[in-house]
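**Student:** Just passing along the structure, written as structure tokens.
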Amino acid sequence: MFKINLKIALRNLWKNKGFSLINIGGLAIGLASCMLLLLYVAYEWSFDKGFTNSDKTYVVYQNSPANGKIFSWAWTPNAMAEEIAAKIPGVKYASHNTYSSTKLVSVGEKRINLRANFADQYFLKIFDYKFIKGNPEQVLKNVNSIVLTKSLAEKLFGNEDPMNKTVKLDNQDVLKVEAVIEDVPANNTLTFECLMPWSLFEKKEPWAKDKNWGNNMCLTVVQLKDNSYFDKANSLMKDIYKRNQQGQVSEALLHPYTKWHLFDDFQNGKSVGGKIEQLKIFLLLAFCILLIACVNFMNLSTARSERRAKEVGIRKAIGSTRKSLIGQFLLESIFITLVSGVLAFILVEVSLPYFNNLLAIKLQIDYKNITFWSTFLGLMVFTGFIAGSYPALYLSSFEPIKVLKGLKIKTDSSVSIRKVLVVVQFVFAACLIVCTTVIYLQIRYVKNKPIGYDKSNLVQIAIQGRMSEESKMDLLKAQLLKSGAVTAVSYFSKDLTEGGNNTTSVHWAGKDENESILFNHRGVSDDFIKTIGTEMVSGREISTITKKDSNSVMLNESAVKMMKLKNPIGAKIKFWDGDKINVGVVKDFVVEDAYQKVAPMIFMPTYLSGAQVVIVRLNPAQNISKSISEIDALVKGIEPDYPVNRKFVDESFELKFANEKLLGTLSNWFGGFAIFISCLGLLGLALFMAEQRKKEISIRKVLGASTGNILTLLNKDFIKLVAIANVIAFPLAYIIINKWLSAFEYRISISALPFLVAISLSVLIAVLTVSIQSVKVAKANPVDALKYE
């Protein structure tokens with residue numbers, strides 16, 4: 001019986017090639033889109049789960065009340081790990097490490113700028129990376145030692161054994177290679193190319209030796225013996241700051257390490273989501289696209305019902321039960337889905353490199369993974385059953401006497417179901433159009449919103465090696481200005497587009513001491529205002545040419561507003577236990593999140609905080625490539641042992657919109673696929689309706705109807721369905737985009753534009769799709785359809 005049913009399925013596919021191609025193509029695109037999105041979701045979901053005891057591992061977060069909010073971040077004091085290990089019950093290991101930073105590692109003439117971490121010996125007990133060479137029990141104890149990843153070892157030493165060989169760090173410290181580990185997987189939040197002892201960090205940065213509970217400067221990771229200790233441990237963590245520093249209002253909490261990547265958004269001290277919200281959207285998108293493909297199959301299968309009515313009647317007349325007929329039609333559906341699955345697999349393999357390039361990740365199919373194959377096969381069988389369920393039930397319900405007498409089947413119910421399915425397809429399509437339009441408008445609004453400085457033609461260069469010497473900095477500035485490649489040069493204590501460096505240790509007359517206010521602080525040098533293209537609101541700029549401004553600071557507008565200073569110029573401020581005088585007010589400019597309000601900021605001379613970057617304004621009258629070459633040559637002349645590390649500020653600023661751009665890009669692409677699949681379904685239905693109404697159209701033409709009249713007649717029903725779909729979609733889309741926009745302090749207001757775009761596009765797409773087929777029928781010679789009557 002199976003063999004006979006399979007033959008019938010193949011014959012039907014071959015007999016109706018056009019419908020078969022539309023069905024197989026639609027299901028293939030739907031399955032391929034679903035698979036790609038599921039691969040991406042699985043990749044993101046797998047973050048930080050590759051360690052033996054990852055489920056018992058936690059990141060220590062600090063909750064700090066300030067400015068009427070609670071700020072949460074994974075920066076902690078260097079004393080935190082030791083205190084946790086000694087005082088918190090149930091802790092197996094507690095480790096502190098720095099976040100990855102760029103360091104120069106060299107072997108002979110080979111010099112590589114790479115991501116490096118400093119960590120204590122417990123770090124590699126918590127994260128059990130696979131050791132290729134070396135003793136895991138002995139690493140990170142010797143101050144002058146280093147652990148390399150496999151790829152870095154190959155870059156530095158080629159095929160030689162790197163063990164016990166030496167490398168030079170920042171052209172200063174000679175370190176012995178004591179271990180080689182496997183490369184850190186890309187789906188890890190903590191990534192690095194080499195590990196060095198915490199004792200080496202303290203040697204290079206003497207201030208880090210002091211156990212200071214007021215300086216949040218490292219990441220603390222904790223691994224519990226068992227999760228049954230979590231509630232008690234987390235409860236004791238809450239007051240750990242208060243127990244160790246008088247007047248401290250911050251609290252600590254344990255955040256699951258496996259949730260760090262996806263649940264890193266905190267509000268009022270509690271995790272409320274993060275990138276997981278994007279994954280939910282992509283997961284919904286994946287199954288909606290697949291659902292649209294299934295709806296196509298249902299529509300086209302029921303549309304061809306009359307052609308299979310006699311087959312059903314004959315099979316029932318010779319003894320077939322409804323159950324066997326349902327089995328036959330489901331078999332056909334699953335067979336078509338399997339064929340579509342093979343095509344989908346090819347589409348995934350072909351598109352995966354582009355998809356990886358689009359997302360800057362390395363997704364790949366693990367052919368040896370049983371989970372992948374079982375999910376893939378399960379998805380195809382599930383799709384086959386869902387797509388074939390309604391057609392099987394509907395076609396198997398025909399009464400044999402009526403269909404064999406040649407009576408027309410009453411298709412009112414099937415028509416109404418098909419209309420409902422078309423509406424469902426375009427509800428989703430309209431929602432996608434509205435949402436992607438809003439995402440685009442929001443990103444454009446924030447990017448075009450004044451950020452307080454001119455980021456075009458602005459370049460920042462990392463200060464490395466001898467460049468940090470004061471005499472070398474002065475020399476470099478003079479040479480850069482003399483070259484004509486730049487019009488202004490200044491120094492800054494941090495990357496201009498990055499956050500960090502904040503404190504609550506600021507006091508002034510009239511401050512409510514029960515209120516904690518978080519200030520960003522940065523070091524600046526002469527000509528900073530001119531270089532970045534901002535302006536002074538009042539007062540003057542700090543001078544670093546002499547030490548006369550060693551006790552002077554500048555405030556931004558947000559700081560003046562937060563401090564409620566009526567006369568900010570000359571205001572006395574106590575900052576880091578030192579008395580300062582405010583000499584100027586700087587216009588607010590965006591440093592951290594472009595979507596949130598500018599935080600209060602204090603500016604001080606760079607010689608008090610140390611400069612990390614040189615900021616230069618390129619000469620607009622000179623060729624950019626020539627200017628960059630001259631800048632690189634001058635920087636290389638000052639510090640020849642380091643590769644020049646520079647970047648354009650506007651390129652760095654673009655990274656702030658990475659998540660939103662990713663959401664918009666994927667919504668555009670897969671929304672486009674969903675609309676294309678919907679169009680395939682409409683094309684199939686239009687083909688069927690035009691065929692069914694061929695004689696009616698011919699009679700109308702004989703009676704004088706024009707081609708335009710015929711096209712209007714055939715398009716009218718579909719336009720109604722699309723209009724109904726938009727009416728249903730708009731409230732849903734409004735709820736979705738309103739919730740998404742609520743996360744941003746700077747956001748667009750929801751206007752009629754996205755909805756007008758949605759209804760215009762959806763109607764246009766429907767009309768074009770239906771007209772492609774309808775115009776052939778409308779222009780056909782009516783004699784061909786009527787001559788057999």
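Naming scheme: A, B, ... for chains in displayed order of the structure tokens; residues 1 onward per chain; ligands 1 onward as shown.
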Give me the residues within 8 Å of Asn113 (chain A) as a list in words, counting only C-alpha atoms and dropping any in the same chain fewer than 5 places off.
**Tutor:** Thr102, Lys103, Leu104, Val105 and Pro643 of chain A
**Student:** So that I can see what lies close to region 705-715 of chain A, please list as number ranges by chain the residues with an atom at most 9 Å from it, counting only C-alpha atoms and leaving out residues fewer than 2 positions away in the same chain.
**Tutor:** A: 686, 689-690, 697, 699-703, 717-720, 766-767, 770-771, 774-775, 777-779
**Student:** How about saving the chosen residues, C-alpha atoms kept, as an mmCIF file, in the first residue's frame?
**Tutor:**
```
data_model
loop_
_atom_site.group_PDB
_atom_site.id
_atom_site.type_symbol
_atom_site.label_atom_id
_atom_site.label_comp_id
_atom_site.auth_asym_id
_atom_site.auth_seq_id
_atom_site.Cartn_x
_atom_site.Cartn_y
_atom_site.Cartn_z
ATOM 1 C CA ALA A 686 -4.223 33.579 -8.668
ATOM 2 C CA MET A 689 -8.682 31.363 -9.796
ATOM 3 C CA ALA A 690 -7.779 32.599 -13.266
ATOM 4 C CA ILE A 697 -13.482 36.229 -18.238
ATOM 5 C CA ILE A 699 -17.631 36.022 -21.825
ATOM 6 C CA ARG A 700 -16.956 39.371 -20.151
ATOM 7 C CA LYS A 701 -14.420 40.238 -22.860
ATOM 8 C CA VAL A 702 -16.879 39.301 -25.601
ATOM 9 C CA LEU A 703 -19.397 41.601 -23.923
ATOM 10 C CA ASP A 717 -10.790 40.030 -3.697
ATOM 11 C CA PHE A 718 -7.094 39.842 -2.861
ATOM 12 C CA ILE A 719 -6.860 43.564 -2.097
ATOM 13 C CA LYS A 720 -9.766 43.171 0.346
ATOM 14 C CA ALA A 766 -0.355 41.568 -3.744
ATOM 15 C CA VAL A 767 -1.469 43.445 -6.889
ATOM 16 C CA VAL A 770 -1.795 38.468 -8.779
ATOM 17 C CA SER A 771 -1.484 40.585 -11.933
ATOM 18 C CA SER A 774 -4.052 37.523 -14.309
ATOM 19 C CA VAL A 775 -2.764 39.653 -17.183
ATOM 20 C CA VAL A 777 -5.712 35.410 -18.855
ATOM 21 C CA ALA A 778 -7.060 38.925 -19.407
ATOM 22 C CA LYS A 779 -5.173 39.249 -22.717
#
```
**Student:** Just want the 12 Å neighbourhood of Lys561 (chain A), counted on only C-alpha atoms, with same-chain residues fewer than 4 positions away dropped. Output as a PyMOL selection string.
**Tutor:** chain A and resi 67+517+555-557+565-568+585+587-588+598-601
**Student:** Only C-alpha atoms, please: the residues just picked out, written as a JSON list (two decimals), in the first residue's frame.
**Tutor:**
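New file selection36.json:
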```json
[["chain", "number", "residue", "atom", "x", "y", "z"],
["A", 67, "ASN", "CA", 21.01, 59.58, 40.33],
["A", 517, "ILE", "CA", 25.33, 60.33, 42.41],
["A", 555, "LEU", "CA", 31.90, 69.82, 34.50],
["A", 556, "ASN", "CA", 29.48, 68.94, 31.74],
["A", 557, "GLU", "CA", 25.95, 70.34, 31.59],
["A", 565, "LEU", "CA", 24.72, 74.61, 40.87],
["A", 566, "LYS", "CA", 23.39, 78.12, 40.23],
["A", 567, "ASN", "CA", 26.91, 79.55, 39.80],
["A", 568, "PRO", "CA", 29.03, 76.62, 38.55],
["A", 585, "VAL", "CA", 31.15, 73.95, 31.84],
["A", 587, "LYS", "CA", 28.48, 71.01, 26.46],
["A", 588, "ASP", "CA", 27.04, 67.50, 26.96],
["A", 598, "VAL", "CA", 24.30, 61.88, 28.96],
["A", 599, "ALA", "CA", 25.61, 61.10, 32.45],
["A", 600, "PRO", "CA", 27.26, 63.71, 34.75],
["A", 601, "MET", "CA", 30.96, 64.00, 33.94]]
```
**Student:** In terms of the shortest atom-to-atom distance over only C-alpha atoms, which of A:Cys34, A:Leu124, A:Ala293, A:Val524 is closest to Val139 (chain A)?
**Tutor:** A:Leu124
**Student:** Report as JSON lines: every residue of region 223-253 of chain A with an atom at most 8 Å from region 73-88 of chain A, its closest pair of atoms, and their distance in Å to one decimal, counting only C-alpha atoms, with rows sorted by chain and ascending residue number.
**Tutor:**
```
{"residue": "A:Ala233", "atom": "CA", "partner": "A:Ile88", "partner_atom": "CA", "distance": 5.8}
{"residue": "A:Leu236", "atom": "CA", "partner": "A:Ile88", "partner_atom": "CA", "distance": 6.9}
{"residue": "A:Met237", "atom": "CA", "partner": "A:Ile88", "partner_atom": "CA", "distance": 7.6}
```
**Student:** Take the selection from the previous step and output its residues with N, CA, C and O atoms, as a PDB file, in the first residue's frame.
**Tutor:**
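again37.pdb was written with the following content:
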```pdb
ATOM      1  N   ALA A 233      24.430  31.926  49.974  1.00  0.00           N
ATOM      2  CA  ALA A 233      25.602  32.678  49.501  1.00  0.00           C
ATOM      3  C   ALA A 233      25.177  34.033  48.936  1.00  0.00           C
ATOM      4  O   ALA A 233      25.775  35.073  49.233  1.00  0.00           O
ATOM      5  N   LEU A 236      24.236  36.489  51.690  1.00  0.00           N
ATOM      6  CA  LEU A 236      25.398  37.058  52.378  1.00  0.00           C
ATOM      7  C   LEU A 236      26.168  38.042  51.486  1.00  0.00           C
ATOM      8  O   LEU A 236      26.828  38.954  51.988  1.00  0.00           O
ATOM      9  N   MET A 237      26.075  37.852  50.161  1.00  0.00           N
ATOM     10  CA  MET A 237      26.765  38.748  49.236  1.00  0.00           C
ATOM     11  C   MET A 237      26.172  40.151  49.270  1.00  0.00           C
ATOM     12  O   MET A 237      26.866  41.139  49.024  1.00  0.00           O
TER      13      MET A 237
END
```
**Student:** In Å, how far is it from CA of Ala478 (chain A) to CA of Ile631 (chain A)?
**Tutor:**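 Going from CA of Ala478 (chain A) over to CA of Ile631 (chain A) covers 11.9 Å.
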**Student:** Quote the spacing between CA of Gly452 (chain A) and CA of Gly578 (chain A) in Å to one decimal place.
**Tutor:**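 We find that CA of Gly452 (chain A) and CA of Gly578 (chain A) lie 29.2 Å from each other.
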**Student:** For a quick check of understanding, using only C-alpha atoms, which of A:Leu481, A:Ile772, A:Phe329, A:Phe127 has the smallest distance to Glu630 (chain A)?
**Tutor:**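 Counting only C-alpha atoms, the residue closest to Glu630 (chain A) is A:Leu481.
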**Student:** What gap, in Å, lies between CA of Val295 (chain A) and CA of Ile386 (chain A)?
**Tutor:**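 Separating CA of Val295 (chain A) from CA of Ile386 (chain A) is a distance of 8.9 Å.
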**Student:** Taking the DSSP assignment computed from this structure's backbone, write out as a list in words all residues of region 598-634 of chain A that belong to strand (DSSP E).
**Tutor:**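 Output for region 598-634 of chain A, strand (DSSP E) only: Met601, Ile602, Phe603, Met604, Pro605, Val613, Val614, Ile615, Val616, Arg617 and Leu618 of chain A.
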**Student:** Go ahead and save the picked residues with N, CA and C atoms, as a tab-separated table (two decimals), in the first residue's frame.
**Tutor:**
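Okay, out.tsv is ready:
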```
chain	number	residue	atom	x	y	z
A	601	MET	N	29.55	64.31	34.20
A	601	MET	CA	30.96	64.00	33.94
A	601	MET	C	31.86	65.11	34.48
A	602	ILE	N	32.99	64.69	35.04
A	602	ILE	CA	34.03	65.60	35.52
A	602	ILE	C	35.27	65.42	34.65
A	603	PHE	N	35.85	66.54	34.20
A	603	PHE	CA	37.08	66.51	33.42
A	603	PHE	C	38.22	67.07	34.27
A	604	MET	N	39.36	66.39	34.22
A	604	MET	CA	40.54	66.82	34.97
A	604	MET	C	41.76	66.76	34.05
A	605	PRO	N	42.87	67.34	34.43
A	605	PRO	CA	44.07	67.27	33.58
A	605	PRO	C	44.55	65.83	33.40
A	613	VAL	N	44.71	57.68	24.92
A	613	VAL	CA	44.59	57.88	23.48
A	613	VAL	C	44.99	59.28	23.07
A	614	VAL	N	45.52	59.39	21.85
A	614	VAL	CA	45.75	60.68	21.20
A	614	VAL	C	44.58	60.90	20.25
A	615	ILE	N	43.92	62.05	20.37
A	615	ILE	CA	42.81	62.36	19.47
A	615	ILE	C	43.28	63.44	18.51
A	616	VAL	N	43.13	63.20	17.21
A	616	VAL	CA	43.57	64.18	16.20
A	616	VAL	C	42.42	64.50	15.26
A	617	ARG	N	42.36	65.76	14.85
A	617	ARG	CA	41.39	66.21	13.85
A	617	ARG	C	42.11	66.32	12.52
A	618	LEU	N	41.69	65.49	11.54
A	618	LEU	CA	42.35	65.48	10.23
A	618	LEU	C	42.13	66.81	9.51
```
**Student:** Looking at A:Val350, A:Asn244, A:Leu338, A:Leu666, which one is nearest to Met380 (chain A), with distances taken over only C-alpha atoms?
**Tutor:**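 Of the candidates, the smallest distance to Met380 (chain A) is held by A:Leu338.
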**Student:** Output as a PyMOL selection string all residues of region 60-270 of chain A that backbone DSSP marks as alpha helix (DSSP H).
**Tutor:** chain A and resi 80-87+123-126+150-157+198-204+230-237+240-244
**Student:** Counting only C-alpha atoms, what is within 12 Å of Val222 (chain A), bar same-chain residues fewer than 4 positions away, as an NGL selection string?
**Tutor:** :A and (53-61 or 80-85 or 88-97 or 122-123 or 125-127 or 226-227 or 230 or 233-234 or 237 or 253-257)
**Student:** Pick from A:Asp632, A:Glu541, A:Glu535, A:Glu639: nearest to Ile463 (chain A), with only C-alpha atoms counted?
**Tutor:** A:Glu639
**Student:** For each of A:Gln121, A:Gln464, A:Asn142, A:Thr189, take the minimum atom-to-atom distance to Lys49 (chain A), counting only C-alpha atoms, then give the residue where this is smallest.
**Tutor:**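 For Lys49 (chain A), the nearest of the candidates is A:Thr189.
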**Student:** Tell me which protein, DNA and RNA residues are within 12 Å of Ser100 (chain A), counting only C-alpha atoms, leaving out same-chain ones fewer than 2 positions away, and put them as a PyMOL selection string.
**Tutor:** chain A and resi 97-98+102-103+114-119+189-196+218-219
**Student:** I need the chosen residues saved as a short mmCIF file (atom, residue, chain, number, x, y, z; two decimals), in the first residue's frame, with all heavy atoms.
**Tutor:**
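Heads up, here's the output in part_7.cif:
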```cif
data_model
loop_
_atom_site.label_atom_id
_atom_site.label_comp_id
_atom_site.auth_asym_id
_atom_site.auth_seq_id
_atom_site.Cartn_x
_atom_site.Cartn_y
_atom_site.Cartn_z
N ASN A 97 39.96 38.55 37.74
CA ASN A 97 40.76 38.73 36.53
C ASN A 97 40.40 40.05 35.88
O ASN A 97 39.34 40.64 36.14
CB ASN A 97 40.54 37.59 35.53
CG ASN A 97 39.13 37.56 34.99
OD1 ASN A 97 38.22 37.05 35.64
ND2 ASN A 97 38.92 38.08 33.79
N THR A 98 41.28 40.54 35.04
CA THR A 98 41.00 41.76 34.30
C THR A 98 40.17 41.41 33.07
O THR A 98 40.13 40.27 32.62
CB THR A 98 42.30 42.43 33.82
OG1 THR A 98 42.99 41.52 32.93
CG2 THR A 98 43.21 42.77 34.98
N THR A 102 44.38 45.11 25.08
CA THR A 102 45.34 44.89 24.00
C THR A 102 46.77 45.02 24.54
O THR A 102 47.12 46.03 25.18
CB THR A 102 45.12 45.91 22.87
OG1 THR A 102 43.79 45.79 22.38
CG2 THR A 102 46.09 45.67 21.73
N LYS A 103 47.57 44.00 24.30
CA LYS A 103 48.97 43.99 24.72
C LYS A 103 49.84 43.58 23.53
O LYS A 103 49.39 42.89 22.62
CB LYS A 103 49.19 43.01 25.87
CG LYS A 103 48.41 43.33 27.14
CD LYS A 103 48.91 44.60 27.81
CE LYS A 103 48.11 44.92 29.07
NZ LYS A 103 48.54 46.21 29.66
N LEU A 114 47.55 41.69 20.73
CA LEU A 114 46.55 40.66 20.98
C LEU A 114 45.74 40.97 22.24
O LEU A 114 46.05 41.87 23.00
CB LEU A 114 47.24 39.29 21.12
CG LEU A 114 48.48 39.20 22.02
CD1 LEU A 114 48.10 39.12 23.48
CD2 LEU A 114 49.31 37.99 21.65
N ARG A 115 44.66 40.16 22.42
CA ARG A 115 43.81 40.31 23.61
C ARG A 115 44.40 39.47 24.73
O ARG A 115 44.56 38.26 24.61
CB ARG A 115 42.38 39.85 23.31
CG ARG A 115 41.68 40.67 22.25
CD ARG A 115 40.21 40.29 22.13
NE ARG A 115 39.99 38.85 22.09
CZ ARG A 115 40.12 38.09 21.02
NH1 ARG A 115 40.49 38.65 19.87
NH2 ARG A 115 39.88 36.80 21.06
N ALA A 116 44.70 40.13 25.86
CA ALA A 116 45.34 39.45 26.99
C ALA A 116 44.53 39.66 28.26
O ALA A 116 43.89 40.70 28.44
CB ALA A 116 46.75 39.99 27.19
N ASN A 117 44.57 38.66 29.13
CA ASN A 117 43.92 38.74 30.45
C ASN A 117 44.95 38.46 31.54
O ASN A 117 45.83 37.60 31.36
CB ASN A 117 42.80 37.71 30.57
CG ASN A 117 41.46 38.26 30.17
OD1 ASN A 117 41.38 39.25 29.46
ND2 ASN A 117 40.40 37.63 30.63
N PHE A 118 44.81 39.14 32.67
CA PHE A 118 45.57 38.81 33.87
C PHE A 118 44.60 38.14 34.84
O PHE A 118 43.51 38.65 35.08
CB PHE A 118 46.16 40.06 34.51
CG PHE A 118 47.21 40.74 33.66
CD1 PHE A 118 46.86 41.74 32.76
CD2 PHE A 118 48.55 40.38 33.78
CE1 PHE A 118 47.81 42.37 31.99
CE2 PHE A 118 49.52 41.00 33.01
CZ PHE A 118 49.15 42.00 32.11
N ALA A 119 45.01 36.98 35.38
CA ALA A 119 44.09 36.24 36.26
C ALA A 119 44.89 35.50 37.33
O ALA A 119 46.09 35.22 37.17
CB ALA A 119 43.27 35.25 35.45
N THR A 189 31.82 34.63 26.54
CA THR A 189 31.83 36.06 26.83
C THR A 189 33.25 36.53 27.12
O THR A 189 33.66 37.60 26.68
CB THR A 189 30.92 36.37 28.03
OG1 THR A 189 29.61 35.88 27.75
CG2 THR A 189 30.84 37.86 28.30
N LEU A 190 34.00 35.73 27.88
CA LEU A 190 35.40 36.05 28.16
C LEU A 190 36.28 35.43 27.08
O LEU A 190 36.40 34.21 26.99
CB LEU A 190 35.81 35.50 29.53
CG LEU A 190 35.23 36.20 30.76
CD1 LEU A 190 35.66 35.47 32.02
CD2 LEU A 190 35.68 37.65 30.81
N THR A 191 36.87 36.26 26.24
CA THR A 191 37.76 35.76 25.20
C THR A 191 39.13 36.39 25.36
O THR A 191 39.25 37.55 25.76
CB THR A 191 37.21 36.08 23.80
OG1 THR A 191 37.03 37.50 23.68
CG2 THR A 191 35.87 35.39 23.55
N PHE A 192 40.17 35.64 25.06
CA PHE A 192 41.55 36.13 25.16
C PHE A 192 42.43 35.21 24.33
O PHE A 192 42.02 34.13 23.91
CB PHE A 192 42.01 36.12 26.63
CG PHE A 192 41.85 34.79 27.31
CD1 PHE A 192 42.82 33.80 27.20
CD2 PHE A 192 40.70 34.51 28.06
CE1 PHE A 192 42.67 32.57 27.81
CE2 PHE A 192 40.54 33.29 28.68
CZ PHE A 192 41.52 32.31 28.55
N GLU A 193 43.66 35.68 24.08
CA GLU A 193 44.64 34.89 23.34
C GLU A 193 45.79 34.45 24.23
O GLU A 193 46.54 33.55 23.85
CB GLU A 193 45.15 35.70 22.15
CG GLU A 193 44.09 35.95 21.10
CD GLU A 193 44.54 36.92 20.02
OE1 GLU A 193 44.39 38.14 20.23
OE2 GLU A 193 45.06 36.46 18.99
N CYS A 194 45.92 35.09 25.39
CA CYS A 194 46.93 34.64 26.35
C CYS A 194 46.50 35.04 27.75
O CYS A 194 45.75 36.00 27.93
CB CYS A 194 48.31 35.20 26.01
SG CYS A 194 48.46 36.99 26.24
N LEU A 195 46.97 34.27 28.73
CA LEU A 195 46.69 34.52 30.14
C LEU A 195 48.00 34.77 30.87
O LEU A 195 48.99 34.06 30.63
CB LEU A 195 46.00 33.32 30.77
CG LEU A 195 44.47 33.21 30.71
CD1 LEU A 195 44.04 31.89 31.34
CD2 LEU A 195 43.80 34.38 31.40
N MET A 196 47.99 35.75 31.78
CA MET A 196 49.18 36.04 32.58
C MET A 196 48.80 36.14 34.06
O MET A 196 47.63 36.41 34.37
CB MET A 196 49.83 37.33 32.09
CG MET A 196 50.44 37.19 30.70
SD MET A 196 50.95 38.77 29.98
CE MET A 196 49.39 39.50 29.54
N CYS A 218 38.04 45.07 38.45
CA CYS A 218 38.25 43.74 37.89
C CYS A 218 36.94 42.95 37.88
O CYS A 218 35.93 43.38 38.42
CB CYS A 218 39.32 42.97 38.68
SG CYS A 218 38.87 42.66 40.40
N LEU A 219 36.99 41.80 37.25
CA LEU A 219 35.86 40.88 37.21
C LEU A 219 36.08 39.79 38.26
O LEU A 219 37.17 39.24 38.36
CB LEU A 219 35.75 40.24 35.83
CG LEU A 219 34.74 39.11 35.65
CD1 LEU A 219 33.32 39.65 35.68
CD2 LEU A 219 34.97 38.36 34.35
#
```
**Student:** Taking 5 positions as the minimum chain separation for residues in the same chain, which residues sit within 10 Å of Gly465 (chain A) when counting only C-alpha atoms? Answer as a list in words.
**Tutor:** Leu104, Asp170, Asn171, Gln172, Ile638, Glu639, Pro640, Asp641 and Tyr642 of chain A
**Student:** Could you give me, as a list of chain:residue names, the residues within 8 Å of region 501-510 of chain A, counting only C-alpha atoms and dropping anything in the same chain fewer than 3 positions from it?
**Tutor:**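 Everything that qualifies: A:Ala66, A:Ser516, A:Ile517, A:Leu518, A:Phe519, A:Asn520, A:His521, A:Arg522, A:Lys572, A:Ile573, A:Lys574, A:Phe575, A:Trp576, A:Asp577.
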**Student:** Between A:Ile181, A:Ala758, A:Leu363, A:Ile146, which residue has the minimum interatomic distance to Ile132 (chain A), considering only C-alpha atoms?
**Tutor:** A:Ile181
